$ cat final26.csv   # CSV, C-alpha atoms
chain,number,residue,atom,x,y,z
A,1,MET,CA,22.4,-11.0,-40.0
A,2,SER,CA,19.5,-9.7,-38.1
A,3,ARG,CA,19.6,-7.1,-35.3
A,4,LYS,CA,20.2,-8.6,-31.9
A,5,VAL,CA,18.5,-7.9,-28.7
A,6,LYS,CA,21.0,-7.4,-25.9
A,7,VAL,CA,20.9,-6.9,-22.2
A,8,PHE,CA,23.7,-5.0,-20.5
A,9,ILE,CA,23.1,-4.8,-16.8
A,10,ALA,CA,24.8,-4.9,-13.4
A,11,THR,CA,23.7,-7.3,-10.6
A,12,SER,CA,24.9,-8.2,-7.2
A,13,LEU,CA,26.5,-11.6,-6.8
A,14,ASP,CA,23.2,-12.7,-5.3
A,15,GLY,CA,21.3,-11.7,-8.4
A,16,TYR,CA,19.7,-8.3,-7.5
A,17,ILE,CA,19.6,-5.3,-9.8
A,18,ALA,CA,18.3,-3.0,-7.0
A,19,LYS,CA,17.9,-3.2,-3.3
A,20,PRO,CA,14.4,-2.5,-1.9
A,21,ASN,CA,13.1,1.0,-2.7
A,22,GLU,CA,15.0,1.2,-6.0
A,23,ASP,CA,18.2,1.6,-4.1
A,24,LEU,CA,21.2,1.3,-6.5
A,25,SER,CA,23.8,2.6,-4.1
A,26,PHE,CA,25.7,-0.7,-4.1
A,27,LEU,CA,26.9,0.2,-7.7
A,28,LYS,CA,29.1,2.8,-6.1
A,29,ILE,CA,31.6,0.2,-4.8
A,30,VAL,CA,32.8,-0.3,-8.4
A,31,GLU,CA,32.9,3.3,-9.4
A,32,LYS,CA,36.3,4.3,-10.8
A,33,GLU,CA,37.5,7.5,-12.5
A,34,GLY,CA,37.6,6.8,-16.3
A,35,GLU,CA,36.2,3.3,-16.1
A,36,ASP,CA,32.9,2.8,-17.8
A,37,TYR,CA,33.0,-1.0,-17.9
A,38,GLY,CA,32.5,-1.1,-21.6
A,39,TYR,CA,29.3,0.9,-21.7
A,40,ALA,CA,30.4,3.4,-24.4
A,41,GLU,CA,31.7,0.5,-26.5
A,42,PHE,CA,28.5,-1.3,-26.0
A,43,THR,CA,26.2,1.6,-26.8
A,44,ALA,CA,28.1,2.2,-30.0
A,45,THR,CA,26.6,-1.2,-31.2
A,46,ILE,CA,23.0,-0.2,-30.6
A,47,ASP,CA,20.6,2.4,-32.0
A,48,THR,CA,17.4,1.4,-30.2
A,49,ILE,CA,16.6,1.2,-26.5
A,50,LEU,CA,13.8,-0.8,-25.0
A,51,LEU,CA,12.9,-0.5,-21.4
A,52,GLY,CA,10.1,-0.7,-18.9
A,53,ARG,CA,8.0,2.2,-17.8
A,54,LYS,CA,9.2,2.1,-14.1
A,55,THR,CA,12.8,2.1,-15.2
A,56,TYR,CA,12.1,5.0,-17.6
A,57,ASP,CA,10.4,7.1,-14.9
A,58,TRP,CA,13.2,6.4,-12.5
A,59,VAL,CA,15.9,7.5,-14.9
A,60,GLN,CA,13.9,10.6,-16.0
A,61,ARG,CA,13.7,11.6,-12.3
A,62,GLU,CA,17.2,10.6,-11.2
A,63,ILE,CA,19.4,11.1,-14.3
A,64,GLY,CA,17.4,13.2,-16.7
A,65,SER,CA,15.5,13.0,-20.0
A,66,SER,CA,18.4,12.8,-22.4
A,67,HIS,CA,20.0,9.7,-20.8
A,68,TYR,CA,18.1,7.5,-23.2
A,69,ASP,CA,16.8,9.8,-25.9
A,70,ASN,CA,19.9,11.7,-27.1
A,71,GLY,CA,18.2,12.5,-30.5
A,72,GLU,CA,20.0,9.7,-32.3
A,73,ARG,CA,18.3,6.6,-30.9
A,74,GLU,CA,14.9,5.2,-30.9
A,75,VAL,CA,13.5,4.6,-27.4
A,76,TYR,CA,10.6,2.3,-26.7
A,77,VAL,CA,9.1,2.4,-23.3
A,78,ILE,CA,6.9,-0.6,-22.5
A,79,THR,CA,3.9,0.4,-20.5
A,80,ARG,CA,0.4,-0.7,-19.8
A,81,THR,CA,-0.8,2.9,-19.9
A,82,LYS,CA,-0.3,4.7,-23.2
A,83,ARG,CA,1.3,8.2,-23.2
A,84,PRO,CA,1.9,10.6,-26.0
A,85,ASN,CA,5.3,10.1,-27.7
A,86,VAL,CA,8.1,12.6,-26.8
A,87,GLY,CA,10.9,13.3,-29.2
A,88,ARG,CA,12.1,9.9,-30.4
A,89,THR,CA,10.6,8.1,-27.4
A,90,THR,CA,7.6,5.9,-28.1
A,91,PHE,CA,5.3,4.6,-25.3
A,92,TYR,CA,4.4,1.1,-26.4
A,93,SER,CA,1.6,-0.9,-24.9
A,94,ALA,CA,0.9,-3.7,-27.4
A,95,SER,CA,2.7,-7.1,-27.8
A,96,LEU,CA,6.4,-7.1,-26.9
A,97,PRO,CA,7.1,-10.1,-29.3
A,98,ASP,CA,5.4,-8.1,-32.1
A,99,LEU,CA,7.5,-5.0,-31.4
A,100,ILE,CA,10.7,-7.1,-31.5
A,101,ALA,CA,9.6,-8.8,-34.7
A,102,GLU,CA,8.9,-5.4,-36.2
A,103,LEU,CA,12.3,-4.0,-35.1
A,104,LYS,CA,14.1,-7.0,-36.4
A,105,SER,CA,12.4,-6.7,-39.8
A,106,LYS,CA,14.0,-3.3,-40.2
A,107,SER,CA,17.7,-2.8,-40.8
A,108,GLY,CA,19.7,-1.1,-38.1
A,109,LYS,CA,22.1,-1.5,-35.2
A,110,ASP,CA,21.3,-3.8,-32.3
A,111,ILE,CA,18.6,-3.3,-29.7
A,112,TYR,CA,19.5,-2.6,-26.1
A,113,CYS,CA,17.1,-3.7,-23.3
A,114,ASP,CA,18.0,-1.8,-20.2
A,115,GLY,CA,15.4,-3.5,-17.9
A,116,GLY,CA,13.6,-3.5,-15.7
A,117,ALA,CA,13.2,-7.1,-14.5
A,118,GLU,CA,9.6,-7.3,-15.7
A,119,VAL,CA,10.5,-6.5,-19.4
A,120,ILE,CA,13.5,-8.8,-19.2
A,121,THR,CA,11.3,-11.6,-17.9
A,122,GLU,CA,8.7,-11.0,-20.6
A,123,LEU,CA,11.5,-11.1,-23.3
A,124,LEU,CA,12.9,-14.3,-21.7
A,125,LYS,CA,9.5,-16.0,-21.6
A,126,ASN,CA,9.4,-15.4,-25.4
A,127,ASP,CA,13.0,-16.4,-26.0
A,128,LEU,CA,13.8,-12.9,-27.4
A,129,ILE,CA,17.2,-12.0,-25.8
A,130,ASP,CA,20.2,-12.8,-28.0
A,131,GLU,CA,23.0,-11.6,-25.8
A,132,PHE,CA,23.6,-11.0,-22.1
A,133,ILE,CA,26.4,-8.8,-20.8
A,134,ILE,CA,26.1,-9.1,-17.0
A,135,SER,CA,28.4,-7.1,-14.7
A,136,MET,CA,28.6,-8.9,-11.4
A,137,ILE,CA,29.2,-6.6,-8.4
A,138,PRO,CA,31.2,-8.1,-5.5
A,139,ILE,CA,28.5,-7.8,-2.9
A,140,LEU,CA,25.6,-9.8,-1.5
A,141,VAL,CA,22.8,-7.2,-1.1
A,142,GLY,CA,20.5,-9.7,0.6
A,143,ASP,CA,17.1,-8.5,-0.8
A,144,GLY,CA,15.5,-6.4,-3.6
A,145,THR,CA,14.6,-6.7,-7.2
A,146,ARG,CA,15.9,-9.8,-8.9
A,147,LEU,CA,17.3,-9.8,-12.4
A,148,PHE,CA,15.9,-13.2,-13.1
A,149,LYS,CA,12.4,-13.9,-11.8
A,150,ASP,CA,11.1,-17.5,-11.2
A,151,GLY,CA,9.0,-19.2,-13.9
A,152,ARG,CA,10.9,-18.7,-17.1
A,153,PRO,CA,11.7,-21.4,-19.7
A,154,GLU,CA,15.1,-23.0,-19.7
A,155,GLN,CA,17.6,-21.5,-22.1
A,156,THR,CA,21.1,-22.7,-22.9
A,157,LEU,CA,23.8,-20.1,-23.3
A,158,GLU,CA,27.2,-19.9,-24.8
A,159,LEU,CA,29.9,-18.1,-22.9
A,160,ILE,CA,31.7,-15.6,-25.1
A,161,SER,CA,34.0,-13.9,-22.7
A,162,THR,CA,34.8,-13.0,-19.1
A,163,LYS,CA,36.5,-9.8,-18.0
A,164,GLN,CA,37.7,-9.1,-14.5
A,165,PHE,CA,38.2,-5.5,-13.4
A,166,ASP,CA,40.2,-3.8,-10.6
A,167,LYS,CA,37.3,-3.1,-8.3
A,168,GLY,CA,36.2,-6.7,-8.3
A,169,LEU,CA,33.6,-6.4,-11.0
A,170,VAL,CA,33.3,-9.4,-13.3
A,171,GLN,CA,31.7,-9.0,-16.7
A,172,LEU,CA,30.1,-12.1,-18.1
A,173,TYR,CA,29.2,-12.1,-21.8
A,174,TYR,CA,26.8,-14.9,-23.0
A,175,ARG,CA,25.0,-15.6,-26.3
A,176,ARG,CA,21.8,-17.4,-26.7
A,177,VAL,CA,22.2,-20.9,-28.2
A,178,LYS,CA,19.6,-21.3,-30.9
A,179,GLU,CA,17.8,-24.6,-30.8
B,180,MET,CA,44.8,-17.9,11.3
B,181,SER,CA,41.5,-19.5,12.1
B,182,ARG,CA,39.8,-22.1,10.0
B,183,LYS,CA,37.6,-20.7,7.3
B,184,VAL,CA,34.1,-21.7,6.3
B,185,LYS,CA,33.9,-22.1,2.5
B,186,VAL,CA,31.1,-22.6,0.0
B,187,PHE,CA,32.0,-24.5,-3.2
B,188,ILE,CA,28.9,-24.7,-5.3
B,189,ALA,CA,27.6,-24.6,-8.9
B,190,THR,CA,24.7,-22.5,-9.9
B,191,SER,CA,23.0,-21.6,-13.2
B,192,LEU,CA,23.5,-18.0,-14.4
B,193,ASP,CA,20.0,-17.2,-13.1
B,194,GLY,CA,21.0,-18.4,-9.6
B,195,TYR,CA,19.6,-21.8,-9.1
B,196,ILE,CA,21.4,-24.7,-7.6
B,197,ALA,CA,18.7,-27.2,-8.7
B,198,LYS,CA,15.7,-27.2,-10.9
B,199,PRO,CA,12.3,-28.2,-9.4
B,200,ASN,CA,12.2,-31.8,-8.0
B,201,GLU,CA,16.0,-31.7,-7.1
B,202,ASP,CA,16.8,-31.9,-10.8
B,203,LEU,CA,20.6,-31.4,-11.3
B,204,SER,CA,20.7,-32.5,-14.9
B,205,PHE,CA,21.9,-29.1,-16.1
B,206,LEU,CA,25.3,-29.8,-14.5
B,207,LYS,CA,25.8,-32.3,-17.3
B,208,ILE,CA,26.4,-29.5,-19.9
B,209,VAL,CA,29.8,-28.8,-18.3
B,210,GLU,CA,30.9,-32.4,-17.8
B,211,LYS,CA,34.3,-33.1,-19.3
B,212,GLU,CA,36.6,-36.1,-19.1
B,213,GLY,CA,39.4,-35.3,-16.6
B,214,GLU,CA,38.0,-31.9,-15.6
B,215,ASP,CA,36.9,-31.6,-12.0
B,216,TYR,CA,36.8,-27.7,-11.9
B,217,GLY,CA,39.1,-27.6,-9.0
B,218,TYR,CA,37.1,-29.9,-6.7
B,219,ALA,CA,40.1,-32.1,-5.7
B,220,GLU,CA,42.3,-29.1,-5.1
B,221,PHE,CA,39.5,-27.5,-3.0
B,222,THR,CA,38.7,-30.6,-0.9
B,223,ALA,CA,42.5,-31.0,-0.1
B,224,THR,CA,42.1,-27.7,1.9
B,225,ILE,CA,39.2,-29.0,4.1
B,226,ASP,CA,38.7,-31.7,6.7
B,227,THR,CA,35.2,-30.9,7.8
B,228,ILE,CA,32.0,-30.9,5.8
B,229,LEU,CA,28.8,-29.2,6.9
B,230,LEU,CA,25.5,-29.7,5.1
B,231,GLY,CA,21.8,-29.8,5.3
B,232,ARG,CA,19.8,-32.9,6.0
B,233,LYS,CA,18.0,-32.8,2.7
B,234,THR,CA,21.2,-32.5,0.7
B,235,TYR,CA,22.7,-35.3,2.8
B,236,ASP,CA,19.8,-37.6,2.2
B,237,TRP,CA,19.8,-36.8,-1.6
B,238,VAL,CA,23.5,-37.6,-1.8
B,239,GLN,CA,23.2,-40.8,0.2
B,240,ARG,CA,20.5,-42.0,-2.2
B,241,GLU,CA,22.0,-40.7,-5.5
B,242,ILE,CA,25.7,-41.0,-4.9
B,243,GLY,CA,26.4,-43.2,-1.9
B,244,SER,CA,27.3,-43.0,1.8
B,245,SER,CA,31.1,-42.5,1.3
B,246,HIS,CA,30.8,-39.3,-0.8
B,247,TYR,CA,31.0,-37.2,2.3
B,248,ASP,CA,32.3,-39.5,5.0
B,249,ASN,CA,35.4,-41.1,3.6
B,250,GLY,CA,36.8,-42.0,7.0
B,251,GLU,CA,39.1,-39.0,7.1
B,252,ARG,CA,36.7,-36.1,7.4
B,253,GLU,CA,34.2,-34.9,10.0
B,254,VAL,CA,30.8,-34.5,8.6
B,255,TYR,CA,28.1,-32.5,10.3
B,256,VAL,CA,24.5,-32.8,9.0
B,257,ILE,CA,22.3,-30.0,10.1
B,258,THR,CA,18.8,-31.3,11.0
B,259,ARG,CA,15.8,-30.5,13.0
B,260,THR,CA,15.3,-34.2,13.9
B,261,LYS,CA,18.3,-35.8,15.7
B,262,ARG,CA,19.6,-39.2,14.3
B,263,PRO,CA,22.2,-41.5,15.8
B,264,ASN,CA,25.7,-40.6,14.5
B,265,VAL,CA,27.1,-42.9,11.8
B,266,GLY,CA,30.9,-43.3,11.4
B,267,ARG,CA,32.3,-39.8,11.5
B,268,THR,CA,29.0,-38.3,10.5
B,269,THR,CA,27.3,-36.3,13.3
B,270,PHE,CA,23.6,-35.2,13.1
B,271,TYR,CA,23.5,-31.8,14.6
B,272,SER,CA,20.3,-30.0,15.7
B,273,ALA,CA,21.5,-27.2,18.0
B,274,SER,CA,22.7,-23.7,17.1
B,275,LEU,CA,24.6,-23.4,13.8
B,276,PRO,CA,26.6,-20.4,15.0
B,277,ASP,CA,27.6,-22.4,18.1
B,278,LEU,CA,28.8,-25.2,15.9
B,279,ILE,CA,30.9,-22.9,13.8
B,280,ALA,CA,32.3,-21.3,16.9
B,281,GLU,CA,33.2,-24.7,18.3
B,282,LEU,CA,34.8,-25.9,15.0
B,283,LYS,CA,36.8,-22.6,14.7
B,284,SER,CA,38.1,-22.9,18.3
B,285,LYS,CA,39.8,-26.2,17.3
B,286,SER,CA,42.7,-26.4,15.0
B,287,GLY,CA,42.3,-28.1,11.7
B,288,LYS,CA,41.8,-27.5,8.0
B,289,ASP,CA,39.0,-25.5,6.6
B,290,ILE,CA,35.3,-26.2,6.7
B,291,TYR,CA,33.3,-26.9,3.6
B,292,CYS,CA,29.6,-26.1,3.5
B,293,ASP,CA,28.1,-28.1,0.6
B,294,GLY,CA,24.6,-26.6,0.9
B,295,GLY,CA,21.7,-26.8,0.7
B,296,ALA,CA,20.3,-23.3,0.3
B,297,GLU,CA,18.7,-23.4,3.7
B,298,VAL,CA,22.0,-24.0,5.6
B,299,ILE,CA,23.8,-21.4,3.4
B,300,THR,CA,21.1,-18.9,4.2
B,301,GLU,CA,21.3,-19.6,7.9
B,302,LEU,CA,25.1,-19.2,7.7
B,303,LEU,CA,24.8,-15.9,5.7
B,304,LYS,CA,22.3,-14.5,8.2
B,305,ASN,CA,24.9,-14.9,10.8
B,306,ASP,CA,27.8,-13.7,8.7
B,307,LEU,CA,29.6,-17.0,8.9
B,308,ILE,CA,30.8,-17.7,5.4
B,309,ASP,CA,34.4,-16.7,4.8
B,310,GLU,CA,34.9,-17.7,1.2
B,311,PHE,CA,32.6,-18.4,-1.8
B,312,ILE,CA,33.8,-20.4,-4.8
B,313,ILE,CA,30.8,-20.3,-7.2
B,314,SER,CA,30.8,-22.1,-10.5
B,315,MET,CA,28.5,-20.4,-12.9
B,316,ILE,CA,26.9,-22.8,-15.4
B,317,PRO,CA,26.1,-21.2,-18.8
B,318,ILE,CA,22.3,-21.8,-18.7
B,319,LEU,CA,19.2,-20.1,-17.5
B,320,VAL,CA,17.2,-22.9,-15.9
B,321,GLY,CA,14.2,-20.7,-15.3
B,322,ASP,CA,13.0,-22.0,-11.9
B,323,GLY,CA,14.0,-24.1,-8.9
B,324,THR,CA,16.0,-23.8,-5.7
B,325,ARG,CA,17.9,-20.5,-5.4
B,326,LEU,CA,21.4,-20.4,-3.9
B,327,PHE,CA,20.6,-17.0,-2.4
B,328,LYS,CA,17.2,-16.6,-0.8
B,329,ASP,CA,15.7,-13.2,-0.1
B,330,GLY,CA,16.0,-11.6,3.3
B,331,ARG,CA,19.7,-11.8,4.2
B,332,PRO,CA,21.9,-9.0,5.5
B,333,GLU,CA,24.2,-7.1,3.1
B,334,GLN,CA,27.7,-8.4,2.8
B,335,THR,CA,30.6,-6.9,0.9
B,336,LEU,CA,32.9,-9.3,-0.9
B,337,GLU,CA,36.4,-9.1,-2.3
B,338,LEU,CA,37.0,-10.8,-5.7
B,339,ILE,CA,40.0,-13.1,-5.4
B,340,SER,CA,40.0,-14.7,-8.9
B,341,THR,CA,37.9,-15.6,-12.0
B,342,LYS,CA,38.6,-18.7,-14.0
B,343,GLN,CA,37.0,-19.5,-17.4
B,344,PHE,CA,36.8,-23.1,-18.6
B,345,ASP,CA,36.3,-24.7,-22.0
B,346,LYS,CA,32.6,-25.7,-21.5
B,347,GLY,CA,31.6,-22.2,-20.6
B,348,LEU,CA,31.8,-22.6,-16.8
B,349,VAL,CA,33.1,-19.5,-15.0
B,350,GLN,CA,34.4,-20.0,-11.5
B,351,LEU,CA,34.2,-16.9,-9.3
B,352,TYR,CA,36.2,-16.8,-6.0
B,353,TYR,CA,35.2,-14.3,-3.4
B,354,ARG,CA,36.3,-13.6,0.2
B,355,ARG,CA,34.2,-12.0,2.9
B,356,VAL,CA,35.3,-8.4,3.7
B,357,LYS,CA,35.4,-8.2,7.5
B,358,GLU,CA,33.9,-4.9,8.8
$ encode --input "final26.csv" --output "structure tokens"
Amino acid sequence: MSRKVKVFIATSLDGYIAKPNEDLSFLKIVEKEGEDYGYAEFTATIDTILLGRKTYDWVQREIGSSHYDNGEREVYVITRTKRPNVGRTTFYSASLPDLIAELKSKSGKDIYCDGGAEVITELLKNDLIDEFIISMIPILVGDGTRLFKDGRPEQTLELISTKQFDKGLVQLYYRRVKE
Amino acid sequence: MSRKVKVFIATSLDGYIAKPNEDLSFLKIVEKEGEDYGYAEFTATIDTILLGRKTYDWVQREIGSSHYDNGEREVYVITRTKRPNVGRTTFYSASLPDLIAELKSKSGKDIYCDGGAEVITELLKNDLIDEFIISMIPILVGDGTRLFKDGRPEQTLELISTKQFDKGLVQLYYRRVKE
């Protein structure tokens, strides 16, 4: 079985992954001591991370450089402007479908796309996301960056599971239905 | 306890209530003999329906005139252009907050807003929706009419329940948190 491309992401009920100005403060309403909403379990299934340059820069600045590149995983940052590679982090500016094909041709664990919305849209336009784990935060934020942009092809999904957590977070797990 | 304004609506996972050209065909993927996804139970809690003029005209054309006005319920169609009332259906073109205040000042069952997105947005801008029952259809439709438009105020919600159904529909039930 080939490696899967998976999205694991939180959105508000109205579909935003961030409020304007990259404001993620609404995620705080589901914070709970000792509850990681399956993140550790999920990251144990992956060995490669794919993300957009803006998301990468934001995380470098706000969280730190080892969040993605912990020395054990390959990290691919999708960017229009090439930068020199750092550690196991590769800045990639060629075709995203080619990169996925190349990664899938190798053996390994699954591939985690951590956003942003632009990279997810590009993957969806090429039907390249195999699984979605979406954590729905119990809030309408009203405005911001949408997880799903307009103008993508239709894609039928299969619901694998639903989990409801104490703080009102609902985690929806879907698999792509192959035509 | 005063009457509540409730939304009971289906959306694709990517947040659309219709594909372009009012195409609702994606709802077919969850159709199942004898399964109404709680609709009858829900409508037993309401005696008043509020909806936009475009949704009303669409339903009149596609489903028939008795879908909303069954002789037992009050129906309010929000429209910019006044029409003569028909049966228990009132065409309403004044302030939506005033209408809600008037309805809430009377005793009765709850009030069901059946869309469309414009009326829901107008209600949300005025913090007038008390409960949301959202049925998430397992599909990314890619484009169309969004349930939640940009440019609304933030609103915190409380998750009441989650139900998962055979065909992959997930029903999320939220209540408005009053500040």
$ closest_atom_pairs --input "final26.csv" --of "chain A" --to "chain B" --cutoff "6 Å" --atoms "only C-alpha atoms" --output "CSV"
residue,atom,partner,partner_atom,distance
A:Asp14,CA,B:Phe327,CA,5.8
A:Pro138,CA,B:Leu336,CA,5.0
A:Ile139,CA,B:Thr335,CA,4.4
A:Leu140,CA,B:Gln334,CA,5.0
A:Val141,CA,B:Glu333,CA,4.4
A:Gly142,CA,B:Arg331,CA,4.2
A:Asp143,CA,B:Asp329,CA,5.0
A:Phe148,CA,B:Asp193,CA,5.7
A:Asp150,CA,B:Asp322,CA,4.9
A:Gly151,CA,B:Asp322,CA,5.3
A:Arg152,CA,B:Gly321,CA,4.3
A:Pro153,CA,B:Gly321,CA,5.1
A:Glu154,CA,B:Val320,CA,4.3
A:Gln155,CA,B:Leu319,CA,5.1
A:Thr156,CA,B:Ile318,CA,4.5
A:Leu157,CA,B:Ile318,CA,5.1
A:Leu159,CA,B:Gly347,CA,5.0
A:Gly168,CA,B:Leu338,CA,4.9
$ residues_around --input "final26.csv" --residues "Tyr291 in chain B" --least-positions-apart "2" --cutoff "7 Å" --atoms "all atoms listed in the file" --output "ChimeraX atom specification"
/B:184-186,225,227-229,289,293
$ write_last_selection --input "final26.csv" --atoms "C-alpha atoms" --output "PDB file, in the coordinates of the input"
ATOM      1  CA  VAL B 184      34.100 -21.700   6.300  1.00  0.00           C
ATOM      2  CA  LYS B 185      33.900 -22.100   2.500  1.00  0.00           C
ATOM      3  CA  VAL B 186      31.100 -22.600   0.000  1.00  0.00           C
ATOM      4  CA  ILE B 225      39.200 -29.000   4.100  1.00  0.00           C
ATOM      5  CA  THR B 227      35.200 -30.900   7.800  1.00  0.00           C
ATOM      6  CA  ILE B 228      32.000 -30.900   5.800  1.00  0.00           C
ATOM      7  CA  LEU B 229      28.800 -29.200   6.900  1.00  0.00           C
ATOM      8  CA  ASP B 289      39.000 -25.500   6.600  1.00  0.00           C
ATOM      9  CA  ASP B 293      28.100 -28.100   0.600  1.00  0.00           C
TER      10      ASP B 293
END
$ closest_residue --input "final26.csv" --among "B:Gly213, B:Ile257, B:Asn305, B:Thr224" --to "Ala273 in chain B" --atoms "all atoms listed in the file"
B:Ile257
$ closest_residue --input "final26.csv" --among "A:Tyr76, A:Leu96, A:Pro84, A:Gln171" --to "Ser135 in chain A" --atoms "all atoms listed in the file"
A:Gln171
$ closest_residue --input "final26.csv" --among "A:Ser107, A:Ser95, A:Thr55, A:Thr79" --to "Ala18 in chain A" --atoms "all atoms listed in the file"
A:Thr55
$ residues_around --input "final26.csv" --residues "Val59 in chain A" --least-positions-apart "5" --cutoff "12 Å" --atoms "all atoms listed in the file" --output "PyMOL selection string"
chain A and resi 22+24+51-54+64-69+77+114-116
$ write_last_selection --input "final26.csv" --atoms "C-alpha atoms" --output "PDB file, keeping the file's coordinate frame"
ATOM      1  CA  GLU A  22      15.000   1.200  -6.000  1.00  0.00           C
ATOM      2  CA  LEU A  24      21.200   1.300  -6.500  1.00  0.00           C
ATOM      3  CA  LEU A  51      12.900  -0.500 -21.400  1.00  0.00           C
ATOM      4  CA  GLY A  52      10.100  -0.700 -18.900  1.00  0.00           C
ATOM      5  CA  ARG A  53       8.000   2.200 -17.800  1.00  0.00           C
ATOM      6  CA  LYS A  54       9.200   2.100 -14.100  1.00  0.00           C
ATOM      7  CA  GLY A  64      17.400  13.200 -16.700  1.00  0.00           C
ATOM      8  CA  SER A  65      15.500  13.000 -20.000  1.00  0.00           C
ATOM      9  CA  SER A  66      18.400  12.800 -22.400  1.00  0.00           C
ATOM     10  CA  HIS A  67      20.000   9.700 -20.800  1.00  0.00           C
ATOM     11  CA  TYR A  68      18.100   7.500 -23.200  1.00  0.00           C
ATOM     12  CA  ASP A  69      16.800   9.800 -25.900  1.00  0.00           C
ATOM     13  CA  VAL A  77       9.100   2.400 -23.300  1.00  0.00           C
ATOM     14  CA  ASP A 114      18.000  -1.800 -20.200  1.00  0.00           C
ATOM     15  CA  GLY A 115      15.400  -3.500 -17.900  1.00  0.00           C
ATOM     16  CA  GLY A 116      13.600  -3.500 -15.700  1.00  0.00           C
TER      17      GLY A 116
END
$ atom_distance --input "final26.csv" --atom1 "CA of Ser181 in chain B" --atom2 "CA of Lys283 in chain B"
6.2 Å
$ closest_residue --input "final26.csv" --among "B:Arg240, B:Lys207, B:Arg252, B:Arg182" --to "Gly266 in chain B" --atoms "all atoms listed in the file"
B:Arg252
$ atom_distance --input "final26.csv" --atom1 "CA of Ala296 in chain B" --atom2 "CA of Ile196 in chain B"
8.1 Å
$ atom_distance --input "final26.csv" --atom1 "CA of Asn85 in chain A" --atom2 "CA of Leu103 in chain A"
17.4 Å
$ decode --input "final26.csv" --residues "range 231-242 of chain B" --atoms "N, CA and C atoms" --output "tab-separated table (two decimals), in the first residue's frame"
chain	number	residue	atom	x	y	z
B	231	GLY	N	-35.43	33.09	3.15
B	231	GLY	CA	-35.20	34.11	2.15
B	231	GLY	C	-36.08	33.90	0.93
B	232	ARG	N	-36.26	34.95	0.17
B	232	ARG	CA	-37.16	34.92	-0.98
B	232	ARG	C	-36.67	33.97	-2.06
B	233	LYS	N	-35.33	33.94	-2.28
B	233	LYS	CA	-34.80	33.06	-3.33
B	233	LYS	C	-35.02	31.58	-2.97
B	234	THR	N	-34.77	31.27	-1.69
B	234	THR	CA	-35.00	29.89	-1.23
B	234	THR	C	-36.47	29.53	-1.37
B	235	TYR	N	-37.36	30.50	-0.99
B	235	TYR	CA	-38.80	30.27	-1.09
B	235	TYR	C	-39.21	29.98	-2.54
B	236	ASP	N	-38.74	30.83	-3.45
B	236	ASP	CA	-39.12	30.64	-4.86
B	236	ASP	C	-38.60	29.30	-5.39
B	237	TRP	N	-37.38	28.94	-4.97
B	237	TRP	CA	-36.80	27.67	-5.43
B	237	TRP	C	-37.66	26.50	-4.94
B	238	VAL	N	-38.04	26.56	-3.67
B	238	VAL	CA	-38.83	25.45	-3.10
B	238	VAL	C	-40.22	25.40	-3.73
B	239	GLN	N	-40.83	26.58	-3.96
B	239	GLN	CA	-42.15	26.61	-4.62
B	239	GLN	C	-42.09	25.90	-5.97
B	240	ARG	N	-41.01	26.16	-6.69
B	240	ARG	CA	-40.85	25.63	-8.05
B	240	ARG	C	-40.50	24.15	-8.04
B	241	GLU	N	-39.58	23.78	-7.12
B	241	GLU	CA	-39.01	22.43	-7.18
B	241	GLU	C	-39.78	21.43	-6.31
B	242	ILE	N	-40.38	21.91	-5.22
B	242	ILE	CA	-41.01	20.97	-4.28
B	242	ILE	C	-42.52	21.19	-4.21
